[in-house]
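Source file: target-v7.cif (mmCIF, N, CA and C atoms)
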```
data_coords
loop_
_atom_site.label_atom_id
_atom_site.label_comp_id
_atom_site.auth_asym_id
_atom_site.auth_seq_id
_atom_site.Cartn_x
_atom_site.Cartn_y
_atom_site.Cartn_z
N MET A 1 -18.54 -79.88 -60.95
CA MET A 1 -17.84 -78.69 -61.42
C MET A 1 -18.54 -78.14 -62.66
N ASN A 2 -18.48 -76.85 -62.83
CA ASN A 2 -19.10 -76.24 -63.99
C ASN A 2 -18.36 -76.63 -65.25
N ALA A 3 -19.08 -76.67 -66.37
CA ALA A 3 -18.46 -76.97 -67.66
C ALA A 3 -17.51 -75.83 -68.02
N PRO A 4 -16.35 -76.16 -68.61
CA PRO A 4 -15.41 -75.11 -68.98
C PRO A 4 -16.04 -74.16 -70.02
N LEU A 5 -15.76 -72.90 -69.86
CA LEU A 5 -16.28 -71.90 -70.78
C LEU A 5 -15.36 -71.77 -71.98
N ASP A 6 -15.94 -71.35 -73.09
CA ASP A 6 -15.12 -71.12 -74.27
C ASP A 6 -14.52 -69.71 -74.20
N LYS A 7 -13.51 -69.47 -75.01
CA LYS A 7 -12.76 -68.22 -75.01
C LYS A 7 -13.67 -67.00 -75.17
N ASP A 8 -14.57 -67.03 -76.15
CA ASP A 8 -15.42 -65.87 -76.41
C ASP A 8 -16.33 -65.55 -75.23
N THR A 9 -16.87 -66.58 -74.60
CA THR A 9 -17.73 -66.38 -73.43
C THR A 9 -16.94 -65.77 -72.28
N VAL A 10 -15.74 -66.29 -72.05
CA VAL A 10 -14.88 -65.75 -70.99
C VAL A 10 -14.58 -64.28 -71.23
N LEU A 11 -14.16 -63.93 -72.44
CA LEU A 11 -13.82 -62.54 -72.75
C LEU A 11 -15.04 -61.64 -72.59
N GLN A 12 -16.19 -62.09 -73.05
CA GLN A 12 -17.41 -61.30 -72.92
C GLN A 12 -17.75 -61.07 -71.45
N GLN A 13 -17.69 -62.13 -70.64
CA GLN A 13 -18.01 -62.00 -69.21
C GLN A 13 -17.01 -61.10 -68.49
N PHE A 14 -15.72 -61.29 -68.73
CA PHE A 14 -14.71 -60.49 -68.04
C PHE A 14 -14.82 -59.01 -68.43
N ASN A 15 -15.00 -58.72 -69.72
CA ASN A 15 -15.11 -57.33 -70.15
C ASN A 15 -16.39 -56.69 -69.61
N ALA A 16 -17.48 -57.44 -69.55
CA ALA A 16 -18.73 -56.90 -68.99
C ALA A 16 -18.57 -56.58 -67.50
N ALA A 17 -17.78 -57.38 -66.79
CA ALA A 17 -17.58 -57.17 -65.35
C ALA A 17 -16.74 -55.93 -65.06
N CYS A 18 -16.11 -55.34 -66.05
CA CYS A 18 -15.26 -54.17 -65.85
C CYS A 18 -16.05 -52.87 -65.68
N LYS A 19 -17.30 -52.88 -66.03
CA LYS A 19 -18.12 -51.67 -65.95
C LYS A 19 -18.13 -51.14 -64.51
N GLY A 20 -17.81 -49.84 -64.39
CA GLY A 20 -17.85 -49.20 -63.08
C GLY A 20 -16.70 -49.57 -62.16
N THR A 21 -15.60 -50.11 -62.70
CA THR A 21 -14.46 -50.52 -61.88
C THR A 21 -13.19 -49.79 -62.31
N LEU A 22 -12.10 -50.08 -61.61
CA LEU A 22 -10.80 -49.53 -61.99
C LEU A 22 -10.43 -49.94 -63.42
N MET A 23 -10.79 -51.15 -63.81
CA MET A 23 -10.48 -51.61 -65.16
C MET A 23 -11.12 -50.70 -66.21
N GLU A 24 -12.35 -50.26 -65.96
CA GLU A 24 -12.99 -49.33 -66.89
C GLU A 24 -12.27 -47.99 -66.88
N THR A 25 -11.91 -47.50 -65.69
CA THR A 25 -11.20 -46.23 -65.57
C THR A 25 -9.90 -46.24 -66.36
N LEU A 26 -9.17 -47.35 -66.29
CA LEU A 26 -7.87 -47.47 -66.98
C LEU A 26 -8.01 -47.98 -68.41
N ASN A 27 -9.25 -48.27 -68.83
CA ASN A 27 -9.54 -48.78 -70.17
C ASN A 27 -8.84 -50.11 -70.44
N ILE A 28 -8.85 -50.99 -69.45
CA ILE A 28 -8.29 -52.33 -69.59
C ILE A 28 -9.32 -53.20 -70.30
N THR A 29 -8.86 -53.91 -71.33
CA THR A 29 -9.73 -54.79 -72.11
C THR A 29 -9.11 -56.16 -72.19
N TYR A 30 -9.90 -57.18 -71.90
CA TYR A 30 -9.45 -58.57 -72.05
C TYR A 30 -9.60 -58.94 -73.52
N VAL A 31 -8.50 -59.44 -74.13
CA VAL A 31 -8.50 -59.65 -75.58
C VAL A 31 -8.25 -61.09 -76.02
N ASP A 32 -7.71 -61.93 -75.14
CA ASP A 32 -7.47 -63.32 -75.51
C ASP A 32 -7.48 -64.16 -74.24
N ALA A 33 -7.91 -65.42 -74.39
CA ALA A 33 -8.00 -66.30 -73.23
C ALA A 33 -7.85 -67.75 -73.65
N ASP A 34 -7.25 -68.53 -72.75
CA ASP A 34 -7.22 -69.98 -72.88
C ASP A 34 -7.72 -70.53 -71.55
N PRO A 35 -9.04 -70.74 -71.44
CA PRO A 35 -9.61 -71.17 -70.16
C PRO A 35 -9.01 -72.47 -69.63
N ALA A 36 -8.55 -73.35 -70.49
CA ALA A 36 -8.00 -74.64 -70.04
C ALA A 36 -6.69 -74.47 -69.27
N THR A 37 -5.88 -73.50 -69.67
CA THR A 37 -4.57 -73.32 -69.03
C THR A 37 -4.53 -72.14 -68.07
N GLY A 38 -5.53 -71.26 -68.15
CA GLY A 38 -5.52 -70.07 -67.32
C GLY A 38 -4.76 -68.91 -67.94
N LYS A 39 -4.35 -69.04 -69.19
CA LYS A 39 -3.65 -67.93 -69.85
C LYS A 39 -4.67 -66.87 -70.26
N LEU A 40 -4.35 -65.62 -69.94
CA LEU A 40 -5.26 -64.51 -70.23
C LEU A 40 -4.43 -63.30 -70.67
N VAL A 41 -4.94 -62.57 -71.65
CA VAL A 41 -4.26 -61.40 -72.19
C VAL A 41 -5.19 -60.20 -72.10
N ALA A 42 -4.64 -59.08 -71.66
CA ALA A 42 -5.40 -57.82 -71.58
C ALA A 42 -4.55 -56.68 -72.10
N THR A 43 -5.21 -55.62 -72.54
CA THR A 43 -4.50 -54.44 -73.04
C THR A 43 -4.91 -53.22 -72.22
N MET A 44 -4.03 -52.21 -72.24
CA MET A 44 -4.31 -50.93 -71.60
C MET A 44 -3.57 -49.85 -72.37
N PRO A 45 -4.27 -48.80 -72.80
CA PRO A 45 -3.58 -47.71 -73.50
C PRO A 45 -2.74 -46.87 -72.54
N VAL A 46 -1.63 -46.38 -73.06
CA VAL A 46 -0.79 -45.46 -72.29
C VAL A 46 -1.16 -44.05 -72.73
N ASP A 47 -1.73 -43.30 -71.79
CA ASP A 47 -2.09 -41.91 -72.02
C ASP A 47 -2.03 -41.19 -70.68
N SER A 48 -2.50 -39.95 -70.64
CA SER A 48 -2.34 -39.14 -69.43
C SER A 48 -3.03 -39.74 -68.20
N ARG A 49 -4.03 -40.62 -68.38
CA ARG A 49 -4.69 -41.24 -67.23
C ARG A 49 -3.74 -42.13 -66.43
N VAL A 50 -2.68 -42.63 -67.06
CA VAL A 50 -1.77 -43.56 -66.39
C VAL A 50 -0.37 -42.98 -66.23
N TYR A 51 -0.25 -41.66 -66.37
CA TYR A 51 1.05 -41.00 -66.23
C TYR A 51 1.36 -40.73 -64.76
N GLN A 52 2.66 -40.70 -64.47
CA GLN A 52 3.14 -40.11 -63.24
C GLN A 52 3.58 -38.69 -63.56
N PRO A 53 3.99 -37.87 -62.59
CA PRO A 53 4.27 -36.46 -62.86
C PRO A 53 5.32 -36.20 -63.95
N MET A 54 6.19 -37.15 -64.22
CA MET A 54 7.20 -36.95 -65.28
C MET A 54 6.65 -37.24 -66.67
N GLN A 55 5.32 -37.42 -66.77
CA GLN A 55 4.65 -37.66 -68.04
C GLN A 55 5.06 -38.98 -68.70
N ILE A 56 5.35 -39.97 -67.86
CA ILE A 56 5.62 -41.33 -68.33
C ILE A 56 4.72 -42.30 -67.55
N LEU A 57 4.66 -43.50 -68.04
CA LEU A 57 3.81 -44.53 -67.44
C LEU A 57 4.10 -44.70 -65.94
N HIS A 58 3.06 -44.67 -65.14
CA HIS A 58 3.16 -44.87 -63.70
C HIS A 58 3.28 -46.36 -63.42
N GLY A 59 4.25 -46.76 -62.62
CA GLY A 59 4.43 -48.16 -62.28
C GLY A 59 3.21 -48.77 -61.61
N GLY A 60 2.49 -47.97 -60.85
CA GLY A 60 1.28 -48.46 -60.19
C GLY A 60 0.19 -48.81 -61.19
N ALA A 61 0.11 -48.07 -62.28
CA ALA A 61 -0.87 -48.38 -63.32
C ALA A 61 -0.51 -49.70 -64.00
N THR A 62 0.78 -49.92 -64.19
CA THR A 62 1.25 -51.17 -64.78
C THR A 62 0.90 -52.34 -63.86
N VAL A 63 1.10 -52.15 -62.56
CA VAL A 63 0.77 -53.20 -61.60
C VAL A 63 -0.74 -53.43 -61.55
N ALA A 64 -1.53 -52.38 -61.67
CA ALA A 64 -2.99 -52.53 -61.70
C ALA A 64 -3.41 -53.36 -62.92
N LEU A 65 -2.79 -53.12 -64.05
CA LEU A 65 -3.06 -53.94 -65.25
C LEU A 65 -2.69 -55.39 -64.99
N ALA A 66 -1.51 -55.61 -64.44
CA ALA A 66 -1.04 -56.97 -64.19
C ALA A 66 -1.93 -57.70 -63.19
N GLU A 67 -2.30 -57.03 -62.10
CA GLU A 67 -3.16 -57.69 -61.11
C GLU A 67 -4.54 -57.97 -61.68
N SER A 68 -5.04 -57.07 -62.51
CA SER A 68 -6.34 -57.28 -63.13
C SER A 68 -6.34 -58.53 -64.00
N VAL A 69 -5.33 -58.68 -64.82
CA VAL A 69 -5.30 -59.84 -65.73
C VAL A 69 -4.96 -61.12 -64.96
N GLY A 70 -4.09 -61.05 -63.97
CA GLY A 70 -3.73 -62.24 -63.20
C GLY A 70 -4.85 -62.72 -62.29
N SER A 71 -5.59 -61.79 -61.71
CA SER A 71 -6.71 -62.17 -60.86
C SER A 71 -7.84 -62.77 -61.69
N ALA A 72 -8.12 -62.17 -62.82
CA ALA A 72 -9.15 -62.71 -63.70
C ALA A 72 -8.75 -64.09 -64.21
N ALA A 73 -7.48 -64.28 -64.52
CA ALA A 73 -7.01 -65.58 -65.01
C ALA A 73 -7.28 -66.68 -63.99
N SER A 74 -7.12 -66.38 -62.71
CA SER A 74 -7.42 -67.37 -61.67
C SER A 74 -8.88 -67.80 -61.71
N GLN A 75 -9.75 -66.87 -62.08
CA GLN A 75 -11.18 -67.18 -62.11
C GLN A 75 -11.50 -68.28 -63.13
N MET A 76 -10.67 -68.39 -64.15
CA MET A 76 -10.89 -69.44 -65.16
C MET A 76 -10.52 -70.82 -64.64
N LEU A 77 -9.75 -70.88 -63.55
CA LEU A 77 -9.23 -72.15 -63.04
C LEU A 77 -10.00 -72.69 -61.84
N ILE A 78 -11.03 -71.97 -61.42
CA ILE A 78 -11.79 -72.40 -60.24
C ILE A 78 -13.26 -72.60 -60.60
N ASP A 79 -13.98 -73.19 -59.67
CA ASP A 79 -15.43 -73.27 -59.77
C ASP A 79 -15.98 -72.13 -58.92
N PRO A 80 -16.43 -71.04 -59.56
CA PRO A 80 -16.84 -69.86 -58.78
C PRO A 80 -18.04 -70.09 -57.87
N SER A 81 -18.77 -71.17 -58.07
CA SER A 81 -19.88 -71.45 -57.16
C SER A 81 -19.38 -72.03 -55.85
N LYS A 82 -18.13 -72.54 -55.84
CA LYS A 82 -17.58 -73.16 -54.64
C LYS A 82 -16.33 -72.47 -54.11
N GLU A 83 -15.68 -71.67 -54.96
CA GLU A 83 -14.39 -71.08 -54.60
C GLU A 83 -14.33 -69.61 -55.01
N ALA A 84 -13.40 -68.90 -54.39
CA ALA A 84 -13.09 -67.52 -54.77
C ALA A 84 -11.57 -67.39 -54.78
N ALA A 85 -11.04 -66.75 -55.80
CA ALA A 85 -9.59 -66.49 -55.87
C ALA A 85 -9.36 -65.01 -55.60
N VAL A 86 -8.50 -64.73 -54.63
CA VAL A 86 -8.21 -63.35 -54.25
C VAL A 86 -6.70 -63.14 -54.19
N GLY A 87 -6.27 -61.93 -54.57
CA GLY A 87 -4.85 -61.62 -54.55
C GLY A 87 -4.27 -61.66 -53.16
N LEU A 88 -3.09 -62.26 -53.05
CA LEU A 88 -2.41 -62.38 -51.76
C LEU A 88 -1.10 -61.60 -51.75
N GLU A 89 -0.36 -61.68 -52.84
CA GLU A 89 0.93 -60.98 -52.91
C GLU A 89 1.23 -60.66 -54.37
N ILE A 90 1.84 -59.48 -54.58
CA ILE A 90 2.24 -59.09 -55.93
C ILE A 90 3.60 -58.40 -55.85
N SER A 91 4.44 -58.67 -56.85
CA SER A 91 5.71 -57.96 -56.95
C SER A 91 5.99 -57.70 -58.43
N ALA A 92 6.61 -56.57 -58.69
CA ALA A 92 6.84 -56.16 -60.07
C ALA A 92 8.25 -55.64 -60.25
N ASN A 93 8.80 -55.94 -61.41
CA ASN A 93 10.07 -55.37 -61.84
C ASN A 93 9.80 -54.59 -63.13
N HIS A 94 10.02 -53.30 -63.06
CA HIS A 94 9.81 -52.43 -64.22
C HIS A 94 11.15 -52.26 -64.93
N VAL A 95 11.20 -52.59 -66.20
CA VAL A 95 12.48 -52.54 -66.93
C VAL A 95 12.50 -51.50 -68.04
N LYS A 96 11.33 -50.99 -68.41
CA LYS A 96 11.26 -49.98 -69.48
C LYS A 96 10.00 -49.17 -69.23
N SER A 97 9.99 -47.93 -69.66
CA SER A 97 8.80 -47.10 -69.51
C SER A 97 8.14 -46.88 -70.85
N ALA A 98 7.09 -46.09 -70.84
CA ALA A 98 6.35 -45.76 -72.06
C ALA A 98 5.67 -44.42 -71.88
N ARG A 99 5.45 -43.74 -72.99
CA ARG A 99 4.71 -42.48 -73.00
C ARG A 99 3.43 -42.58 -73.83
N THR A 100 3.42 -43.49 -74.78
CA THR A 100 2.27 -43.66 -75.67
C THR A 100 2.13 -45.14 -76.02
N GLY A 101 1.09 -45.44 -76.76
CA GLY A 101 0.93 -46.79 -77.27
C GLY A 101 0.00 -47.64 -76.42
N MET A 102 0.11 -48.92 -76.61
CA MET A 102 -0.74 -49.90 -75.94
C MET A 102 0.13 -50.89 -75.20
N LEU A 103 -0.24 -51.18 -73.95
CA LEU A 103 0.43 -52.24 -73.19
C LEU A 103 -0.35 -53.53 -73.38
N ILE A 104 0.37 -54.63 -73.48
CA ILE A 104 -0.22 -55.96 -73.59
C ILE A 104 0.30 -56.77 -72.41
N ALA A 105 -0.63 -57.22 -71.56
CA ALA A 105 -0.26 -58.00 -70.37
C ALA A 105 -0.73 -59.44 -70.58
N THR A 106 0.22 -60.37 -70.45
CA THR A 106 -0.09 -61.79 -70.62
C THR A 106 0.17 -62.51 -69.31
N ALA A 107 -0.90 -63.07 -68.73
CA ALA A 107 -0.80 -63.82 -67.48
C ALA A 107 -0.76 -65.30 -67.81
N GLU A 108 0.24 -65.99 -67.25
CA GLU A 108 0.34 -67.43 -67.42
C GLU A 108 0.51 -68.08 -66.06
N CYS A 109 -0.23 -69.16 -65.86
CA CYS A 109 -0.20 -69.86 -64.58
C CYS A 109 1.09 -70.66 -64.47
N VAL A 110 1.86 -70.39 -63.43
CA VAL A 110 3.11 -71.10 -63.16
C VAL A 110 2.85 -72.28 -62.21
N HIS A 111 1.88 -72.10 -61.32
CA HIS A 111 1.53 -73.15 -60.35
C HIS A 111 0.03 -73.07 -60.07
N LYS A 112 -0.65 -74.19 -60.26
CA LYS A 112 -2.08 -74.28 -59.94
C LYS A 112 -2.23 -75.29 -58.82
N GLY A 113 -2.31 -74.79 -57.60
CA GLY A 113 -2.49 -75.65 -56.44
C GLY A 113 -3.93 -75.65 -55.97
N ARG A 114 -4.19 -76.44 -54.97
CA ARG A 114 -5.53 -76.52 -54.40
C ARG A 114 -5.92 -75.21 -53.72
N THR A 115 -4.96 -74.54 -53.07
CA THR A 115 -5.27 -73.31 -52.33
C THR A 115 -4.53 -72.08 -52.85
N SER A 116 -3.74 -72.23 -53.89
CA SER A 116 -3.04 -71.07 -54.43
C SER A 116 -2.78 -71.23 -55.93
N HIS A 117 -2.71 -70.08 -56.59
CA HIS A 117 -2.33 -70.00 -57.99
C HIS A 117 -1.20 -68.97 -58.08
N LEU A 118 -0.13 -69.34 -58.74
CA LEU A 118 0.98 -68.41 -58.96
C LEU A 118 1.01 -68.06 -60.45
N PHE A 119 0.98 -66.77 -60.74
CA PHE A 119 1.01 -66.30 -62.12
C PHE A 119 2.24 -65.45 -62.37
N GLN A 120 2.76 -65.57 -63.58
CA GLN A 120 3.74 -64.63 -64.09
C GLN A 120 3.04 -63.82 -65.16
N ILE A 121 3.16 -62.51 -65.05
CA ILE A 121 2.53 -61.61 -66.01
C ILE A 121 3.62 -60.80 -66.69
N ARG A 122 3.68 -60.94 -68.01
CA ARG A 122 4.60 -60.14 -68.81
C ARG A 122 3.82 -58.96 -69.38
N VAL A 123 4.33 -57.77 -69.14
CA VAL A 123 3.72 -56.56 -69.70
C VAL A 123 4.68 -56.05 -70.77
N GLU A 124 4.18 -55.97 -71.99
CA GLU A 124 5.00 -55.55 -73.13
C GLU A 124 4.33 -54.40 -73.86
N ASN A 125 5.13 -53.69 -74.66
CA ASN A 125 4.54 -52.67 -75.53
C ASN A 125 4.17 -53.32 -76.87
N GLU A 126 3.65 -52.53 -77.77
CA GLU A 126 3.19 -53.06 -79.06
C GLU A 126 4.33 -53.62 -79.91
N GLN A 127 5.55 -53.21 -79.62
CA GLN A 127 6.71 -53.71 -80.36
C GLN A 127 7.24 -55.01 -79.75
N GLY A 128 6.61 -55.49 -78.71
CA GLY A 128 7.04 -56.71 -78.05
C GLY A 128 8.17 -56.50 -77.05
N GLU A 129 8.46 -55.24 -76.74
CA GLU A 129 9.52 -54.94 -75.77
C GLU A 129 8.97 -55.09 -74.36
N LEU A 130 9.75 -55.70 -73.50
CA LEU A 130 9.34 -55.94 -72.12
C LEU A 130 9.29 -54.62 -71.34
N ILE A 131 8.15 -54.36 -70.71
CA ILE A 131 7.98 -53.18 -69.86
C ILE A 131 8.14 -53.60 -68.39
N SER A 132 7.45 -54.65 -67.99
CA SER A 132 7.50 -55.14 -66.61
C SER A 132 7.27 -56.64 -66.56
N VAL A 133 7.84 -57.26 -65.54
CA VAL A 133 7.55 -58.65 -65.21
C VAL A 133 6.94 -58.64 -63.82
N VAL A 134 5.78 -59.27 -63.69
CA VAL A 134 5.04 -59.23 -62.43
C VAL A 134 4.75 -60.66 -61.97
N LYS A 135 4.91 -60.87 -60.67
CA LYS A 135 4.56 -62.16 -60.06
C LYS A 135 3.36 -61.90 -59.17
N LEU A 136 2.32 -62.73 -59.35
CA LEU A 136 1.09 -62.58 -58.56
C LEU A 136 0.72 -63.91 -57.95
N LEU A 137 0.52 -63.92 -56.62
CA LEU A 137 0.07 -65.10 -55.90
C LEU A 137 -1.38 -64.86 -55.49
N ASN A 138 -2.27 -65.74 -55.95
CA ASN A 138 -3.68 -65.67 -55.58
C ASN A 138 -4.00 -66.80 -54.61
N PHE A 139 -4.79 -66.48 -53.61
CA PHE A 139 -5.26 -67.47 -52.64
C PHE A 139 -6.62 -67.96 -53.11
N VAL A 140 -6.80 -69.28 -53.14
CA VAL A 140 -8.07 -69.89 -53.50
C VAL A 140 -8.75 -70.31 -52.22
N LYS A 141 -9.87 -69.65 -51.90
CA LYS A 141 -10.59 -69.98 -50.67
C LYS A 141 -11.93 -70.61 -51.02
N GLN A 142 -12.37 -71.48 -50.14
CA GLN A 142 -13.64 -72.14 -50.30
C GLN A 142 -14.76 -71.20 -49.88
N ARG A 143 -15.81 -71.15 -50.67
CA ARG A 143 -16.99 -70.36 -50.29
C ARG A 143 -17.79 -71.15 -49.26
N ARG A 144 -18.43 -70.45 -48.35
CA ARG A 144 -19.25 -71.11 -47.33
C ARG A 144 -20.70 -71.02 -47.65
#
```

Please lay out the structure from this file as structure tokens.
Amino acid sequence: MNAPLDKDTVLQQFNAACKGTLMETLNITYVDADPATGKLVATMPVDSRVYQPMQILHGGATVALAESVGSAASQMLIDPSKEAAVGLEISANHVKSARTGMLIATAECVHKGRTSHLFQIRVENEQGELISVVKLLNFVKQRR
């Protein structure tokens, strides 16, 4: 198995991988990581790029943030030379909206199995108020 990466290396690699992707479009940035536990934190600004027609945060943008951080978190728990983690199921409960500010999404591994990882992702605003709770199930498949 590969040697565990340190936090700074993980953040540098994940942020570099965002170039030319949805994460770059939404300005998602990985800001904190604990590679040993799979905990990962990312931010996303709330502005017109993530609005729905009522000029408030689009739930789909929130889910995109959550899936981005939860999928990346799985990558810290596998050996990428032998395995790949891919999203299998996601569900979200939106409890508050936003018009401005920064969202902070924290993914924590609830279950690390041989073939699946279950993450809970809390999406909060800068005041620590809960915006959404997201559950993400990733499938861990063996590379051939």

Give me, as a Markdown table, each residue of range 28-75 of chain A that comes within 8 Å of range 100-114 of chain A, together with its shortest interatomic pair and the distance in Å at one decimal, counting only C-alpha atoms, with rows ordered by chain and rising residue number.
```
| residue | atom | partner | partner_atom | distance |
| --- | --- | --- | --- | --- |
| A:Thr37 | CA | A:Cys109 | CA | 7.1 |
| A:Gly38 | CA | A:Cys109 | CA | 6.0 |
| A:Lys39 | CA | A:Glu108 | CA | 4.7 |
| A:Leu40 | CA | A:Ala107 | CA | 5.3 |
| A:Val41 | CA | A:Thr106 | CA | 4.5 |
| A:Ala42 | CA | A:Ala105 | CA | 5.3 |
| A:Thr43 | CA | A:Ile104 | CA | 4.6 |
| A:Met44 | CA | A:Leu103 | CA | 5.2 |
| A:Pro45 | CA | A:Met102 | CA | 4.3 |
| A:Val46 | CA | A:Thr100 | CA | 4.9 |
| A:Asp47 | CA | A:Thr100 | CA | 5.9 |
| A:Leu65 | CA | A:Ala105 | CA | 7.1 |
| A:Ala66 | CA | A:Ala105 | CA | 6.3 |
| A:Val69 | CA | A:Ala107 | CA | 6.3 |
| A:Gly70 | CA | A:Ala107 | CA | 5.4 |
| A:Ala73 | CA | A:Ala107 | CA | 6.9 |
```

Exercise. If you run DSSP on the backbone, which residues of chain A are helix (DSSP H, G or I), as a ChimeraX atom specification?
Worked result: /A:7-16,22-25,48-50,59-75

For this session: For Lys7 in chain A, list every protein, DNA or RNA residue within 6 Å, evaluated using all atoms listed in the file, and leave out those in the same chain fewer than 5 positions away; present the list as a VMD selection string.
Result: chain A and resid 12 33 to 35

For this session: Please identify all polymer residues within 6.5 Å of Ala92 in chain A, counting only N, CA and C atoms, omitting same-chain residues fewer than 6 positions from it, and present them as a list in words.
Result: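 The filter keeps Ser132, Val133, Val134 and Lys135 of chain A.
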
For this session: Can you list, as number ranges by chain, all residues belonging to range 33-134 of chain A that DSSP tags as strand (DSSP E)?
Result: A: 33-34, 39-45, 83-94, 102-112, 116-124, 130-134

Exercise. For Val95 in chain A, which of A:Leu130, A:Thr115, A:Thr62, A:Ser81 is the closest residue, counting only N, CA and C atoms?
Worked result: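 Residue with the minimum atom-to-atom distance to Val95 in chain A: A:Leu130.
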
Exercise. Exactly which residues make up the result of the PyMOL selection byres (((chain A and resi 91 and name CA) around 12) and name CA) on this file, given as a list in words?
Worked result: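 So the PyMOL selection byres (((chain A and resi 91 and name CA) around 12) and name CA), applied here, picks out Gly59, Gly60, Thr62, Val63, Ala64, Ala66, Glu67, Gly87, Leu88, Glu89, Ile90, Ala92, Asn93, His94, Leu118, Phe119, Gln120, Ile121, Ser132, Val133, Val134, Lys135, Leu136 and Leu137 of chain A.
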
Exercise. Of the candidates A:Arg122, A:Phe14, A:Ala36, A:Thr9, which shows the shortest atom-to-atom distance to Ala72 in chain A, using all atoms listed in the file?
Worked result: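 Of A:Arg122, A:Phe14, A:Ala36, A:Thr9, the one nearest Ala72 in chain A is A:Phe14, counting all atoms listed in the file.
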
For this session: Pull out every residue that the PyMOL selection byres (((chain A and resi 79 and name CA) around 12) and name CA) matches in the shown coordinates and put them as a VMD selection string.
Result: chain A and resid 1 to 5 74 to 78 80 to 85 114 140 to 143

Seminar exercise, completed: Correct to one decimal, the distance atom C of Asn27 in chain A-CA of Gln13 in chain A is 15.1 Å

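Closest approach to Tyr51 in chain A among A:Asn125, A:Arg99, A:Ile28, A:Thr21: A:Arg99, based on only N, CA and C atoms.
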